[in-house]
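See below for coords_15.txt, which holds compact mmCIF, N, CA and C atoms.
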```txt
# COMPACT_ATOMS: atom_id res chain seq x y z
N MET A 1 8.97 -14.40 -10.10
CA MET A 1 7.69 -14.53 -10.78
C MET A 1 7.18 -13.14 -11.14
N SER A 2 6.81 -12.95 -12.31
CA SER A 2 6.32 -11.66 -12.78
C SER A 2 4.90 -11.43 -12.32
N GLY A 3 4.57 -10.14 -12.13
CA GLY A 3 3.22 -9.78 -11.75
C GLY A 3 2.31 -9.62 -12.95
N ASP A 4 2.80 -9.85 -14.16
CA ASP A 4 1.99 -9.71 -15.37
C ASP A 4 1.13 -10.95 -15.57
N TYR A 5 -0.17 -10.77 -15.58
CA TYR A 5 -1.07 -11.90 -15.75
C TYR A 5 -1.45 -12.10 -17.20
N ASP A 6 -1.69 -11.04 -17.91
CA ASP A 6 -1.85 -11.07 -19.35
C ASP A 6 -1.78 -9.62 -19.81
N GLU A 7 -1.74 -9.41 -21.10
CA GLU A 7 -1.50 -8.07 -21.60
C GLU A 7 -2.66 -7.10 -21.34
N ASN A 8 -3.82 -7.59 -20.96
CA ASN A 8 -4.97 -6.73 -20.71
C ASN A 8 -5.13 -6.35 -19.24
N GLN A 9 -4.24 -6.84 -18.38
CA GLN A 9 -4.36 -6.56 -16.96
C GLN A 9 -3.17 -5.75 -16.47
N THR A 10 -3.36 -5.16 -15.32
CA THR A 10 -2.33 -4.35 -14.69
C THR A 10 -1.18 -5.22 -14.21
N ALA A 11 0.04 -4.71 -14.35
CA ALA A 11 1.20 -5.41 -13.81
C ALA A 11 1.23 -5.19 -12.30
N VAL A 12 1.18 -6.27 -11.56
CA VAL A 12 1.17 -6.20 -10.10
C VAL A 12 2.61 -6.40 -9.61
N PRO A 13 3.12 -5.46 -8.82
CA PRO A 13 4.51 -5.60 -8.36
C PRO A 13 4.68 -6.77 -7.39
N GLU A 14 5.85 -7.34 -7.41
CA GLU A 14 6.15 -8.48 -6.54
C GLU A 14 5.95 -8.12 -5.07
N SER A 15 6.22 -6.87 -4.70
CA SER A 15 6.04 -6.46 -3.30
C SER A 15 4.59 -6.63 -2.85
N PHE A 16 3.66 -6.50 -3.78
CA PHE A 16 2.25 -6.69 -3.43
C PHE A 16 1.88 -8.17 -3.49
N ILE A 17 2.35 -8.87 -4.49
CA ILE A 17 2.07 -10.31 -4.61
C ILE A 17 2.57 -11.04 -3.36
N ALA A 18 3.70 -10.58 -2.81
CA ALA A 18 4.27 -11.22 -1.62
C ALA A 18 3.31 -11.22 -0.43
N LEU A 19 2.37 -10.29 -0.40
CA LEU A 19 1.38 -10.25 0.68
C LEU A 19 0.50 -11.48 0.66
N TYR A 20 0.43 -12.14 -0.46
CA TYR A 20 -0.47 -13.27 -0.66
C TYR A 20 0.27 -14.59 -0.86
N ARG A 21 1.48 -14.67 -0.33
CA ARG A 21 2.24 -15.92 -0.41
C ARG A 21 2.33 -16.54 0.98
N ASP A 22 2.23 -17.87 1.03
CA ASP A 22 2.38 -18.56 2.31
C ASP A 22 3.85 -18.89 2.55
N ALA A 23 4.12 -19.59 3.63
CA ALA A 23 5.50 -19.92 3.99
C ALA A 23 6.20 -20.77 2.94
N ARG A 24 5.43 -21.47 2.12
CA ARG A 24 6.01 -22.30 1.06
C ARG A 24 6.03 -21.57 -0.28
N ASN A 25 5.77 -20.26 -0.23
CA ASN A 25 5.83 -19.40 -1.41
C ASN A 25 4.69 -19.64 -2.41
N ARG A 26 3.60 -20.24 -1.94
CA ARG A 26 2.43 -20.47 -2.79
C ARG A 26 1.45 -19.32 -2.61
N LEU A 27 0.74 -18.98 -3.68
CA LEU A 27 -0.29 -17.95 -3.58
C LEU A 27 -1.45 -18.46 -2.74
N THR A 28 -2.00 -17.59 -1.91
CA THR A 28 -3.09 -17.99 -1.02
C THR A 28 -4.46 -17.59 -1.54
N VAL A 29 -4.50 -16.80 -2.62
CA VAL A 29 -5.75 -16.39 -3.26
C VAL A 29 -5.53 -16.42 -4.77
N PRO A 30 -6.61 -16.43 -5.54
CA PRO A 30 -6.47 -16.42 -7.01
C PRO A 30 -5.80 -15.13 -7.51
N ARG A 31 -5.12 -15.24 -8.63
CA ARG A 31 -4.43 -14.09 -9.23
C ARG A 31 -5.38 -12.92 -9.51
N ALA A 32 -6.59 -13.23 -9.91
CA ALA A 32 -7.56 -12.16 -10.19
C ALA A 32 -7.88 -11.37 -8.92
N THR A 33 -7.93 -12.06 -7.80
CA THR A 33 -8.16 -11.38 -6.52
C THR A 33 -7.00 -10.47 -6.19
N ILE A 34 -5.77 -10.96 -6.40
CA ILE A 34 -4.59 -10.15 -6.14
C ILE A 34 -4.60 -8.90 -7.02
N ALA A 35 -4.92 -9.06 -8.28
CA ALA A 35 -4.96 -7.92 -9.20
C ALA A 35 -5.99 -6.89 -8.77
N ALA A 36 -7.17 -7.35 -8.35
CA ALA A 36 -8.22 -6.43 -7.91
C ALA A 36 -7.82 -5.72 -6.63
N ARG A 37 -7.24 -6.45 -5.68
CA ARG A 37 -6.80 -5.84 -4.43
C ARG A 37 -5.67 -4.84 -4.68
N TYR A 38 -4.76 -5.18 -5.61
CA TYR A 38 -3.67 -4.27 -5.95
C TYR A 38 -4.22 -2.96 -6.51
N GLU A 39 -5.17 -3.05 -7.42
CA GLU A 39 -5.74 -1.83 -8.00
C GLU A 39 -6.37 -0.96 -6.92
N LEU A 40 -7.07 -1.56 -5.98
CA LEU A 40 -7.66 -0.81 -4.87
C LEU A 40 -6.57 -0.13 -4.04
N CYS A 41 -5.55 -0.89 -3.67
CA CYS A 41 -4.49 -0.35 -2.81
C CYS A 41 -3.66 0.70 -3.53
N GLU A 42 -3.39 0.51 -4.79
CA GLU A 42 -2.65 1.52 -5.57
C GLU A 42 -3.47 2.79 -5.68
N ASP A 43 -4.78 2.67 -5.91
CA ASP A 43 -5.65 3.84 -5.95
C ASP A 43 -5.65 4.57 -4.62
N LEU A 44 -5.72 3.83 -3.52
CA LEU A 44 -5.68 4.45 -2.19
C LEU A 44 -4.37 5.22 -1.99
N ALA A 45 -3.26 4.60 -2.34
CA ALA A 45 -1.96 5.26 -2.17
C ALA A 45 -1.91 6.55 -2.98
N ASN A 46 -2.40 6.50 -4.20
CA ASN A 46 -2.40 7.71 -5.04
C ASN A 46 -3.32 8.79 -4.46
N LEU A 47 -4.47 8.40 -3.95
CA LEU A 47 -5.39 9.36 -3.34
C LEU A 47 -4.80 9.98 -2.07
N LEU A 48 -4.05 9.21 -1.34
CA LEU A 48 -3.49 9.68 -0.07
C LEU A 48 -2.32 10.65 -0.24
N THR A 49 -1.70 10.66 -1.40
CA THR A 49 -0.51 11.51 -1.56
C THR A 49 -0.83 12.99 -1.36
N ASP A 50 -1.91 13.47 -1.95
CA ASP A 50 -2.26 14.89 -1.78
C ASP A 50 -2.56 15.21 -0.32
N HIS A 51 -3.32 14.35 0.32
CA HIS A 51 -3.67 14.56 1.73
C HIS A 51 -2.41 14.59 2.60
N CYS A 52 -1.54 13.61 2.42
CA CYS A 52 -0.32 13.54 3.23
C CYS A 52 0.58 14.74 3.00
N SER A 53 0.72 15.12 1.75
CA SER A 53 1.55 16.28 1.42
C SER A 53 1.00 17.54 2.08
N MET A 54 -0.32 17.70 2.04
CA MET A 54 -0.95 18.87 2.63
C MET A 54 -0.77 18.89 4.15
N VAL A 55 -1.02 17.77 4.81
CA VAL A 55 -0.87 17.71 6.26
C VAL A 55 0.58 18.01 6.65
N HIS A 56 1.51 17.47 5.88
CA HIS A 56 2.93 17.69 6.16
C HIS A 56 3.31 19.15 5.99
N SER A 57 2.91 19.75 4.89
CA SER A 57 3.35 21.13 4.62
C SER A 57 2.49 22.17 5.34
N ARG A 58 1.20 22.02 5.32
CA ARG A 58 0.31 23.01 5.93
C ARG A 58 0.34 22.96 7.45
N ASP A 59 0.31 21.74 7.99
CA ASP A 59 0.21 21.60 9.44
C ASP A 59 1.57 21.37 10.11
N GLY A 60 2.60 21.16 9.32
CA GLY A 60 3.93 20.97 9.88
C GLY A 60 4.14 19.64 10.59
N VAL A 61 3.33 18.66 10.24
CA VAL A 61 3.47 17.33 10.84
C VAL A 61 4.59 16.60 10.12
N ASP A 62 5.50 15.99 10.90
CA ASP A 62 6.62 15.30 10.26
C ASP A 62 6.12 14.09 9.46
N GLU A 63 6.92 13.70 8.49
CA GLU A 63 6.53 12.65 7.54
C GLU A 63 6.19 11.33 8.22
N ALA A 64 7.00 10.93 9.20
CA ALA A 64 6.76 9.65 9.89
C ALA A 64 5.41 9.67 10.62
N THR A 65 5.08 10.79 11.24
CA THR A 65 3.81 10.89 11.95
C THR A 65 2.65 10.86 10.97
N VAL A 66 2.80 11.55 9.84
CA VAL A 66 1.75 11.53 8.82
C VAL A 66 1.49 10.09 8.39
N LEU A 67 2.55 9.35 8.11
CA LEU A 67 2.39 7.96 7.64
C LEU A 67 1.78 7.08 8.73
N SER A 68 2.18 7.29 9.97
CA SER A 68 1.62 6.52 11.07
C SER A 68 0.12 6.78 11.21
N ARG A 69 -0.28 8.03 11.06
CA ARG A 69 -1.70 8.37 11.15
C ARG A 69 -2.49 7.75 10.00
N VAL A 70 -1.90 7.74 8.82
CA VAL A 70 -2.56 7.12 7.67
C VAL A 70 -2.77 5.63 7.95
N HIS A 71 -1.75 4.99 8.47
CA HIS A 71 -1.86 3.57 8.78
C HIS A 71 -2.97 3.31 9.79
N GLN A 72 -3.02 4.11 10.84
CA GLN A 72 -4.07 3.96 11.84
C GLN A 72 -5.45 4.15 11.20
N GLY A 73 -5.56 5.13 10.32
CA GLY A 73 -6.83 5.37 9.64
C GLY A 73 -7.25 4.23 8.75
N LEU A 74 -6.29 3.62 8.07
CA LEU A 74 -6.62 2.49 7.19
C LEU A 74 -7.10 1.27 7.97
N LEU A 75 -6.67 1.16 9.22
CA LEU A 75 -7.06 0.01 10.04
C LEU A 75 -8.30 0.26 10.89
N ALA A 76 -8.77 1.51 10.91
CA ALA A 76 -9.95 1.84 11.72
C ALA A 76 -11.21 1.28 11.05
N PRO A 77 -12.11 0.72 11.86
CA PRO A 77 -13.36 0.20 11.30
C PRO A 77 -14.22 1.31 10.70
N PRO A 78 -14.94 1.07 9.68
CA PRO A 78 -14.92 -0.17 8.89
C PRO A 78 -13.72 -0.16 7.96
N THR A 79 -13.01 -1.25 7.92
CA THR A 79 -11.80 -1.32 7.12
C THR A 79 -12.10 -1.71 5.68
N THR A 80 -11.30 -1.19 4.79
CA THR A 80 -11.39 -1.53 3.38
C THR A 80 -10.26 -2.47 2.99
N VAL A 81 -9.16 -2.38 3.73
CA VAL A 81 -7.97 -3.18 3.44
C VAL A 81 -7.58 -4.01 4.65
N GLU A 82 -6.90 -5.10 4.39
CA GLU A 82 -6.36 -5.96 5.44
C GLU A 82 -5.08 -5.33 5.98
N PRO A 83 -4.66 -5.68 7.21
CA PRO A 83 -3.45 -5.08 7.79
C PRO A 83 -2.20 -5.14 6.89
N PRO A 84 -1.89 -6.28 6.24
CA PRO A 84 -0.71 -6.26 5.36
C PRO A 84 -0.88 -5.29 4.18
N GLU A 85 -2.10 -5.19 3.68
CA GLU A 85 -2.36 -4.25 2.58
C GLU A 85 -2.21 -2.81 3.07
N ALA A 86 -2.67 -2.53 4.29
CA ALA A 86 -2.54 -1.19 4.85
C ALA A 86 -1.07 -0.79 4.94
N ALA A 87 -0.24 -1.71 5.40
CA ALA A 87 1.20 -1.43 5.48
C ALA A 87 1.77 -1.16 4.09
N TRP A 88 1.34 -1.94 3.10
CA TRP A 88 1.81 -1.74 1.73
C TRP A 88 1.37 -0.37 1.22
N VAL A 89 0.12 0.01 1.48
CA VAL A 89 -0.39 1.32 1.03
C VAL A 89 0.45 2.44 1.63
N VAL A 90 0.79 2.34 2.90
CA VAL A 90 1.59 3.38 3.55
C VAL A 90 2.97 3.45 2.91
N ARG A 91 3.61 2.31 2.69
CA ARG A 91 4.94 2.32 2.04
C ARG A 91 4.85 2.89 0.62
N ARG A 92 3.81 2.52 -0.10
CA ARG A 92 3.63 3.01 -1.47
C ARG A 92 3.36 4.51 -1.49
N THR A 93 2.57 4.99 -0.52
CA THR A 93 2.30 6.42 -0.42
C THR A 93 3.60 7.18 -0.19
N ALA A 94 4.43 6.69 0.72
CA ALA A 94 5.73 7.32 0.98
C ALA A 94 6.58 7.33 -0.28
N GLU A 95 6.57 6.22 -1.00
CA GLU A 95 7.33 6.13 -2.25
C GLU A 95 6.85 7.17 -3.27
N LEU A 96 5.53 7.28 -3.42
CA LEU A 96 4.97 8.24 -4.38
C LEU A 96 5.31 9.68 -4.00
N LEU A 97 5.41 9.94 -2.71
CA LEU A 97 5.74 11.28 -2.23
C LEU A 97 7.24 11.57 -2.29
N GLY A 98 8.03 10.54 -2.52
CA GLY A 98 9.48 10.72 -2.53
C GLY A 98 10.06 10.84 -1.13
N TRP A 99 9.30 10.36 -0.14
CA TRP A 99 9.78 10.39 1.24
C TRP A 99 10.66 9.18 1.48
N PRO A 100 11.61 9.28 2.40
CA PRO A 100 12.52 8.14 2.66
C PRO A 100 11.75 6.87 3.01
N GLY A 101 12.21 5.77 2.49
CA GLY A 101 11.53 4.50 2.68
C GLY A 101 11.60 3.95 4.10
N ASP A 102 12.53 4.46 4.90
CA ASP A 102 12.68 3.94 6.26
C ASP A 102 11.93 4.76 7.30
N LEU A 103 11.08 5.68 6.85
CA LEU A 103 10.33 6.51 7.79
C LEU A 103 9.31 5.71 8.58
N TRP A 104 8.75 4.75 7.91
CA TRP A 104 7.65 4.00 8.51
C TRP A 104 7.98 2.52 8.44
N PRO A 105 8.05 1.85 9.58
CA PRO A 105 8.41 0.42 9.56
C PRO A 105 7.30 -0.46 9.01
N ALA A 106 7.70 -1.52 8.36
CA ALA A 106 6.73 -2.53 7.91
C ALA A 106 6.10 -3.18 9.13
N GLN A 107 4.83 -3.40 9.07
CA GLN A 107 4.11 -4.01 10.20
C GLN A 107 3.98 -5.49 9.99
```

Would you kindly transcribe this structure into structure tokens?
Amino acid sequence: MSGDYDENQTAVPESFIALYRDARNRLTVPRATIAARYELCEDLANLLTDHCSMVHSRDGVDEATVLSRVHQGLLAPPTTVEPPEAAWVVRRTAELLGWPGDLWPAQ
């Protein structure tokens, strides 16, 4: 199933849509909600890249630890994202940084 809802909306990747599927592969929220949540999470991942890169290079913190700390921060109250979204943001941040995908396990 494509993440394209119409030509005026953002293409949502299947990896994000999967966060909103139940055991029978049905969406658990409206598509508009998924698109809005995706835009928020993608923005967070993009914002986090500079911070993660700086902590890694300036402070010498290894990539896996940086990602783990980001995940902990995303889950700290008050939260903006749900736990599955936080895991997706961390994986997306690693992807944007070009860091190995297996550094941080999916939660």

I'd like to know which of A:Leu67, A:Ser57, A:Tyr20, A:Asn25 is closest to Val90 in chain A, using all atoms listed in the file. A:Leu67

Any idea what's packed within 8 Å of range 68-85 of chain A, counting only C-alpha atoms, ignoring anything in its chain fewer than 3 positions away? Could you give it as a list in words?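 Surrounding residues, per the criterion: Phe16, Leu19, Cys41, Ala64, Thr65, Trp88, Val89, Val90, Trp104 and Gln107 of chain A.
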
Could you check how far atom C of Ser53 in chain A sits from CA of Arg91 in chain A, in Å to one decimal?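 Those two atoms sit 15.7 Å apart.
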
Report the residues of range 20-87 of chain A whose backbone DSSP state falls under helix (DSSP H, G or I), written as a ChimeraX atom specification. /A:20,31-59,63-75,83-87

Around all of range 19-36 of chain A's listed atoms, make the axis-aligned box with 5 Å on each side and tell me centre and edge lengths in Å to one decimal, as AutoDock Vina command-line options.
```
--center_x -1.0 --center_y -14.0 --center_z -3.1 --size_x 24.4 --size_y 26.6 --size_z 24.2
```

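The space separating atom C of Glu95 in chain A from CA of Ala23 in chain A comes to 28.1 Å.
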
Report the distance between atom N of Val61 in chain A and atom C of Ala86 in chain A in Å, rounded to one decimal place. 20.6 Å

Nearby residues (only C-alpha atoms) at most 12 Å from Met54 in chain A, same-chain spacing under 5 positions excluded, as a PyMOL selection string: chain A and resi 48-49+59-63+66+97

Using only N, CA and C atoms: which of A:Leu47, A:Arg21, A:Ala11, A:Gly101 has the shortest distance to Ala35 in chain A: A:Ala11

Would you kindly identify which residues have an atom no farther than 9 Å from (-5.0, -10.6, -2.9), using only C-alpha atoms and the file's own coordinates, and write them out as a count of residues only? 17
